[in-house]
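File shown here: my_file_5.txt, holding compact mmCIF, C-alpha atoms.
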# COMPACT_ATOMS: atom_id res chain seq x y z
CA MET A 35 20.42 -9.00 72.91
CA SER A 36 17.10 -9.52 71.17
CA GLU A 37 17.49 -7.28 68.14
CA SER A 38 20.53 -6.78 65.95
CA PRO A 39 22.77 -3.90 67.13
CA LEU A 40 23.68 -3.03 63.54
CA ILE A 41 21.89 0.34 63.45
CA PRO A 42 23.62 1.80 66.58
CA ILE A 43 27.01 0.65 65.27
CA LEU A 44 26.34 2.30 61.92
CA ILE A 45 25.33 5.54 63.66
CA VAL A 46 28.53 5.49 65.74
CA SER A 47 30.66 4.96 62.64
CA THR A 48 28.80 7.74 60.80
CA ALA A 49 29.44 10.11 63.70
CA LEU A 50 33.13 9.14 63.73
CA PHE A 51 33.38 9.74 59.96
CA PHE A 52 31.91 13.22 60.24
CA ILE A 53 34.08 14.06 63.24
CA GLY A 54 37.05 13.21 61.02
CA MET A 55 35.61 15.33 58.22
CA PHE A 56 35.14 18.26 60.60
CA GLY A 57 38.78 17.94 61.68
CA LEU A 58 39.95 17.78 58.08
CA PHE A 59 38.05 21.01 57.32
CA THR A 60 39.14 23.03 60.34
CA ARG A 61 42.74 21.95 60.88
CA ARG A 62 45.54 23.64 58.98
CA ASN A 63 48.41 21.58 60.40
CA MET A 64 49.39 18.60 58.24
CA ILE A 65 49.90 16.12 61.09
CA THR A 66 46.49 16.86 62.58
CA MET A 67 44.90 16.52 59.13
CA LEU A 68 46.54 13.10 58.89
CA MET A 69 45.01 12.19 62.27
CA ALA A 70 41.56 13.20 60.99
CA ILE A 71 42.05 10.93 57.97
CA GLU A 72 42.93 8.05 60.31
CA LEU A 73 39.64 8.58 62.16
CA MET A 74 37.71 8.44 58.88
CA LEU A 75 39.48 5.20 57.84
CA ASN A 76 38.59 3.68 61.21
CA SER A 77 34.91 4.48 60.77
CA VAL A 78 34.98 2.69 57.40
CA ASN A 79 36.60 -0.34 59.06
CA ILE A 80 33.87 -0.45 61.72
CA ASN A 81 31.26 -0.44 58.94
CA PHE A 82 32.90 -3.33 57.09
CA VAL A 83 33.16 -5.49 60.21
CA ALA A 84 29.59 -4.72 61.34
CA PHE A 85 28.06 -5.48 57.93
CA ASN A 86 30.01 -8.72 57.76
CA LYS A 87 29.03 -9.86 61.24
CA TYR A 88 25.36 -8.94 61.24
CA LEU A 89 24.29 -9.27 57.60
CA PHE A 90 26.56 -11.91 56.04
CA PRO A 91 27.93 -14.02 58.90
CA ASP A 92 28.65 -17.02 56.66
CA LYS A 93 31.29 -15.11 54.68
CA LEU A 94 34.47 -13.33 55.74
CA ASN A 95 34.89 -10.74 52.98
CA GLY A 96 34.38 -7.71 55.24
CA LEU A 97 37.13 -8.86 57.57
CA PHE A 98 39.57 -9.15 54.66
CA PHE A 99 38.65 -5.69 53.41
CA THR A 100 39.32 -4.37 56.92
CA LEU A 101 42.71 -6.08 57.03
CA PHE A 102 43.70 -4.64 53.65
CA ILE A 103 42.45 -1.16 54.59
CA ILE A 104 44.57 -1.26 57.76
CA ALA A 105 47.63 -2.26 55.71
CA ILE A 106 47.01 0.53 53.19
CA ALA A 107 46.46 3.03 56.03
CA ALA A 108 49.83 2.09 57.52
CA ALA A 109 51.56 2.56 54.15
CA GLU A 110 49.73 5.85 53.61
CA ALA A 111 50.68 7.20 57.04
CA ALA A 112 54.34 6.29 56.49
CA VAL A 113 54.51 8.01 53.07
CA ALA A 114 52.58 11.05 54.35
CA ILE A 115 54.93 11.50 57.28
CA ALA A 116 57.96 11.21 54.97
CA ILE A 117 56.45 13.95 52.80
CA ILE A 118 55.67 16.09 55.88
CA ILE A 119 59.26 15.81 57.16
CA ASN A 120 60.59 16.70 53.71
CA LEU A 121 58.25 19.71 53.59
CA TYR A 122 59.40 20.79 57.05
CA ARG A 123 63.01 20.74 55.85
CA SER A 124 62.31 23.04 52.92
CA HIS A 125 59.69 25.38 54.49
CA THR A 126 60.40 25.01 58.29
CA SER A 127 56.63 24.80 58.75
CA ILE A 128 53.99 22.12 58.20
CA ASP A 129 51.07 24.49 57.84
CA VAL A 130 49.25 23.89 54.57
CA GLU A 131 48.83 27.63 54.02
CA ASP A 132 52.61 28.09 53.89
CA ALA A 133 53.16 25.65 51.03
CA SER A 134 51.62 27.67 48.22
CA GLU A 135 54.17 27.43 45.38
CA MET A 136 51.93 25.27 43.20
CA LYS A 137 48.80 27.29 43.93
CA PHE A 138 47.32 28.82 40.78
CA MET B 164 18.82 -2.71 78.74
CA ASN B 165 21.24 -5.46 79.66
CA ILE B 166 24.93 -5.29 80.38
CA THR B 167 25.95 -5.84 76.72
CA THR B 168 24.00 -2.79 75.58
CA ILE B 169 25.39 -0.64 78.40
CA LEU B 170 28.91 -1.76 77.45
CA PHE B 171 28.27 -0.82 73.83
CA TYR B 172 27.12 2.68 74.71
CA LEU B 173 30.12 3.11 77.02
CA ILE B 174 32.51 2.12 74.21
CA ALA B 175 30.68 4.36 71.74
CA ALA B 176 30.93 7.32 74.13
CA CYS B 177 34.69 6.68 74.50
CA ILE B 178 35.20 6.52 70.71
CA LEU B 179 33.22 9.68 69.94
CA GLY B 180 34.42 11.73 72.93
CA ALA B 181 38.08 10.95 72.29
CA GLY B 182 37.55 11.56 68.57
CA ILE B 183 36.01 14.99 69.14
CA LEU B 184 38.85 15.95 71.49
CA ALA B 185 41.39 14.66 68.94
CA VAL B 186 40.14 17.04 66.28
CA THR B 187 39.49 20.06 68.52
CA SER B 188 42.39 20.07 70.99
CA THR B 189 44.70 23.05 70.47
CA LYS B 190 47.84 21.27 71.65
CA ILE B 191 49.06 18.87 69.00
CA PHE B 192 50.56 16.35 71.40
CA ARG B 193 47.30 16.10 73.32
CA ALA B 194 45.45 15.62 70.04
CA ALA B 195 47.73 12.65 69.28
CA ILE B 196 47.05 11.12 72.71
CA TRP B 197 43.28 11.55 72.26
CA LEU B 198 43.61 9.86 68.87
CA LEU B 199 45.34 6.99 70.67
CA PHE B 200 42.41 6.64 73.08
CA SER B 201 39.92 6.74 70.21
CA LEU B 202 41.76 3.98 68.34
CA VAL B 203 41.96 1.82 71.48
CA SER B 204 38.21 2.28 71.94
CA VAL B 205 37.65 1.17 68.34
CA ALA B 206 39.65 -1.96 69.20
CA ALA B 207 37.35 -2.41 72.21
CA LEU B 208 34.36 -2.19 69.85
CA TYR B 209 35.90 -4.97 67.75
CA PHE B 210 36.30 -7.05 70.91
CA TRP B 211 32.66 -6.31 71.70
CA MET B 212 31.68 -7.61 68.26
CA GLN B 213 33.81 -10.73 68.95
CA VAL B 214 36.19 -10.29 66.03
CA GLU B 215 39.30 -10.73 68.15
CA PHE B 216 41.77 -10.98 65.27
CA ILE B 217 40.79 -7.60 63.81
CA ALA B 218 40.93 -6.07 67.30
CA ALA B 219 44.46 -7.42 67.79
CA ILE B 220 45.53 -6.11 64.37
CA GLN B 221 43.97 -2.73 65.22
CA ILE B 222 46.01 -2.49 68.41
CA VAL B 223 49.24 -3.72 66.82
CA VAL B 224 49.13 -1.61 63.66
CA TYR B 225 47.31 1.56 64.70
CA VAL B 226 48.26 1.98 68.34
CA GLY B 227 51.70 0.39 68.10
CA GLY B 228 52.61 1.70 64.66
CA ILE B 229 50.75 4.67 63.29
CA VAL B 230 50.27 6.67 66.50
CA VAL B 231 53.91 6.15 67.48
CA LEU B 232 54.92 7.32 63.99
CA ILE B 233 52.70 10.42 64.36
CA ILE B 234 54.17 11.22 67.78
CA PHE B 235 57.70 10.87 66.40
CA SER B 236 56.90 13.22 63.56
CA ILE B 237 55.42 15.73 66.03
CA PHE B 238 58.69 15.64 67.97
CA LEU B 239 60.69 16.09 64.76
CA THR B 240 58.72 18.96 63.30
CA GLN B 241 57.53 21.25 66.10
CA GLN B 242 57.44 22.17 69.75
CA SER B 243 54.89 19.82 71.25
CA GLY B 244 53.79 22.14 74.06
CA LYS B 245 53.02 25.06 71.78
CA GLU B 246 49.41 26.04 71.22
CA MET B 247 48.18 25.81 67.66
CA PRO B 248 46.34 28.83 66.29
CA LYS B 249 42.59 28.42 66.43
CA PRO B 250 40.74 28.30 63.10
CA ARG B 251 38.60 31.26 62.12
CA ALA B 252 35.10 31.29 63.57
CA THR B 253 33.39 31.35 60.17
CA LYS B 254 35.37 28.31 59.07
CA THR B 255 34.52 26.44 62.28
CA ILE B 256 30.82 27.22 61.98
CA SER B 257 30.58 26.29 58.31
CA SER B 258 32.52 23.01 58.80
CA LEU B 259 30.33 22.19 61.80
CA ALA B 260 27.21 22.84 59.73
CA ALA B 261 28.52 20.68 56.88
CA ALA B 262 29.46 17.80 59.21
CA LEU B 263 26.15 18.02 61.08
CA PHE B 264 24.17 18.08 57.85
CA GLY B 265 26.04 15.04 56.54
CA PHE B 266 25.58 13.19 59.83
CA LEU B 267 21.84 13.81 60.03
CA PHE B 268 21.36 12.99 56.33
CA THR B 269 23.22 9.67 56.66
CA CYS B 270 21.39 8.80 59.91
CA ASN B 271 18.11 9.45 58.14
CA LEU B 272 19.14 7.07 55.34
CA ILE B 273 20.20 4.39 57.85
CA LYS B 274 16.98 4.66 59.86
CA HIS B 275 14.75 4.17 56.83
CA TYR B 276 16.69 1.33 55.23
CA SER B 277 15.49 -2.14 56.16
CA PHE B 278 18.50 -4.39 56.57
CA GLU B 279 17.90 -8.09 56.05
CA SER B 280 19.18 -9.46 59.31
CA ALA B 281 20.85 -12.88 59.35
CA ILE B 282 20.88 -13.84 62.99
CA GLY B 283 20.63 -17.62 62.57
CA LYS B 284 23.85 -18.33 60.66
CA PRO B 285 27.00 -18.94 62.68
CA PHE B 286 29.82 -16.41 62.44
CA ASP B 287 33.20 -18.12 62.29
CA SER B 288 36.03 -15.57 62.48
CA SER B 289 38.70 -17.76 64.06
CA ILE B 290 42.29 -17.18 63.03
CA HIS B 291 42.35 -20.65 61.46
CA THR B 292 39.52 -19.81 59.05
CA ILE B 293 40.94 -16.38 58.25
CA GLY B 294 44.39 -17.83 57.52
CA ILE B 295 43.04 -20.63 55.33
CA GLN B 296 40.93 -18.23 53.29
CA MET B 297 43.58 -15.54 53.00
CA LEU B 298 46.19 -17.83 51.44
CA SER B 299 43.75 -19.95 49.46
CA THR B 300 43.88 -20.06 45.65
CA GLN B 301 40.31 -21.38 45.44
CA GLU B 302 37.23 -19.36 44.55
CA HIS B 303 36.97 -17.13 47.64
CA GLY B 304 40.69 -16.97 48.34
CA TYR B 305 42.54 -13.71 48.85
CA ILE B 306 46.04 -14.72 47.75
CA LEU B 307 46.23 -12.15 44.93
CA PRO B 308 45.32 -9.09 47.09
CA PHE B 309 47.71 -10.44 49.73
CA GLU B 310 50.59 -10.48 47.25
CA VAL B 311 49.64 -7.10 45.81
CA ILE B 312 49.51 -5.54 49.28
CA SER B 313 52.94 -6.93 50.10
CA MET B 314 54.29 -5.26 46.94
CA LEU B 315 52.53 -2.04 48.01
CA LEU B 316 54.16 -2.15 51.44
CA LEU B 317 57.58 -2.72 49.86
CA ALA B 318 57.01 0.20 47.48
CA ALA B 319 55.86 2.43 50.37
CA MET B 320 58.95 1.50 52.39
CA ILE B 321 61.35 2.32 49.53
CA GLY B 322 59.36 5.46 48.73
CA CYS B 323 59.58 6.72 52.33
CA ILE B 324 63.35 6.25 52.38
CA VAL B 325 63.77 8.01 49.03
CA ILE B 326 61.48 10.94 49.96
CA ALA B 327 62.92 11.56 53.42
CA MET B 328 66.57 11.10 52.37
CA LYS B 329 68.81 14.15 52.56
CA LYS B 330 70.12 15.18 49.18
CA GLU B 331 73.87 15.69 49.65
CA SER B 332 74.66 16.73 46.08
CA THR B 333 72.39 19.80 46.07
CA GLN B 334 73.87 21.36 49.19

Let me see whether you can do it: turn the structure in this file into C-alpha cells.
Amino acid sequence: MSESPLIPILIVSTALFFIGMFGLFTRRNMITMLMAIELMLNSVNINFVAFNKYLFPDKLNGLFFTLFIIAIAAAEAAVAIAIIINLYRSHTSIDVEDASEMKF
Amino acid sequence: MNITTILFYLIAACILGAGILAVTSTKIFRAAIWLLFSLVSVAALYFWMQVEFIAAIQIVVYVGGIVVLIIFSIFLTQQSGKEMPKPRATKTISSLAAALFGFLFTCNLIKHYSFESAIGKPFDSSIHTIGIQMLSTQEHGYILPFEVISMLLLAAMIGCIVIAMKKESTQ
C-alpha cells in the first residue's frame, strides 16, 4: 500500500466509538449497556495500536497501553456483572429505570 | 485498490455492521452474539495490522472471557428469548443525532490534521520484544504498571466474590 492507512483506521474506530455511545444512550438494560461500553473500549484499543504502528513504529508504548486496557476491561466486566447479579437478586430486574432508590 | 485495501474494508464492514446490530438488536442473546462477531472482527483488524500478540490477547480475553461472562449473566438474570422493549422514538432520534454529530465532528478533525507519517522505521512487535520490555526495570520498562495491574485483578476477583456472595445472616 502506497499511503499510510492510518486515516481509514481512525475513521473506523471513531464510528465504533459512536456506535457504542448510541447503544449506551438508547439501551435501558444493564447487560446491554455493558456491551456498549465494551465496544467503546475496543475502539480506543484500535486507536492505540494504529497510532503506535503508523506514527511511532520504533516504540511499543501503544501496545502496552492496549494490553493494560484489556486487563482493566476484564476486571471491570467481572465487577459489573457481580453488581448486576446482586441487583437482580434484590430487584428481580436489571432495568436501570427500576433501581431508583438513590435518585434525588 | 489492491487486495490489502479490499481486505481492510471487508474487516471494517464486519466490525461496524456487527457493532450496529449488537446495539440495536431487540433480543439480548442475539445482541451478545453480534458483540462476539464484532470483537472477532477487531481481532482480525489487529491481524491485518500485523500485531499478532494483541490479536491473540483480544481473542483470549474478550471472546473467551468477557463474552462468555456476559452470556452466563444473561442466562442467570433473564429469559434469553424474550424481546426487550424498544426505546422511545424521541430518545432514539436524539441519541442518533448526538452520535452522528460526534462522528462527523471527529471525522472532520481527523481529515484536517496532518499526521507525521513514519513509514521508514521498522516495527518490531514480536513477543520477545514485548516480554523483555514489559518486565524490564530500565527506562522504558513497564514492570510497575504490570505489578499494579496484577494487584487490581486480585482486588477485582475478591471484590466480585464479596459482592455476589449471598448474605446468610440477613435472611

Item to check | 6 Å contacts from chain B to chain A using all atoms listed in the file, as JSON, numbers by chain | outcome: {"B": [186, 258, 262, 280, 281, 286, 319, 323, 327]}

Output file for the residues above (C-alpha atoms, as a PDB file, in the coordinates of the input):
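Writing done, so here's part_35.pdb:
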ATOM      1  CA  VAL B 186      40.140  17.040  66.280  1.00  0.00           C
ATOM      2  CA  SER B 258      32.520  23.010  58.800  1.00  0.00           C
ATOM      3  CA  ALA B 262      29.460  17.800  59.210  1.00  0.00           C
ATOM      4  CA  SER B 280      19.180  -9.460  59.310  1.00  0.00           C
ATOM      5  CA  ALA B 281      20.850 -12.880  59.350  1.00  0.00           C
ATOM      6  CA  PHE B 286      29.820 -16.410  62.440  1.00  0.00           C
ATOM      7  CA  ALA B 319      55.860   2.430  50.370  1.00  0.00           C
ATOM      8  CA  CYS B 323      59.580   6.720  52.330  1.00  0.00           C
ATOM      9  CA  ALA B 327      62.920  11.560  53.420  1.00  0.00           C
TER      10      ALA B 327
END

Checklist entry - Residues at most 12 Å from B:Phe192, counting all atoms listed in the file, excluding those fewer than 6 positions away in the same chain, as an MDAnalysis selection string? => result (chainID A and resid 65:66 69) or (chainID B and resid 184:186 198:199 230:231 233:238 240:247)

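The space between atom CA of A:Gly96 and atom CA of B:Ile273 spans 18.8 Å.
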
Checklist entry - Which polymer residues have any atom within 7 Å of an atom of stretch 220-226 of chain B, counting all atoms listed in the file, with same-chain residues fewer than 5 positions away left out, as a list of chain:residue names? => result B:Leu199, B:Leu202, B:Val203, B:Ala206

Checklist entry - Could you work out how far atom CA of A:Leu75 lies from atom CA of B:Ser204, giving the answer in Å with one decimal? => result 14.5 Å

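When atom CA of B:Tyr276 is paired with atom CA of A:Asn81, their separation reads 15.1 Å.
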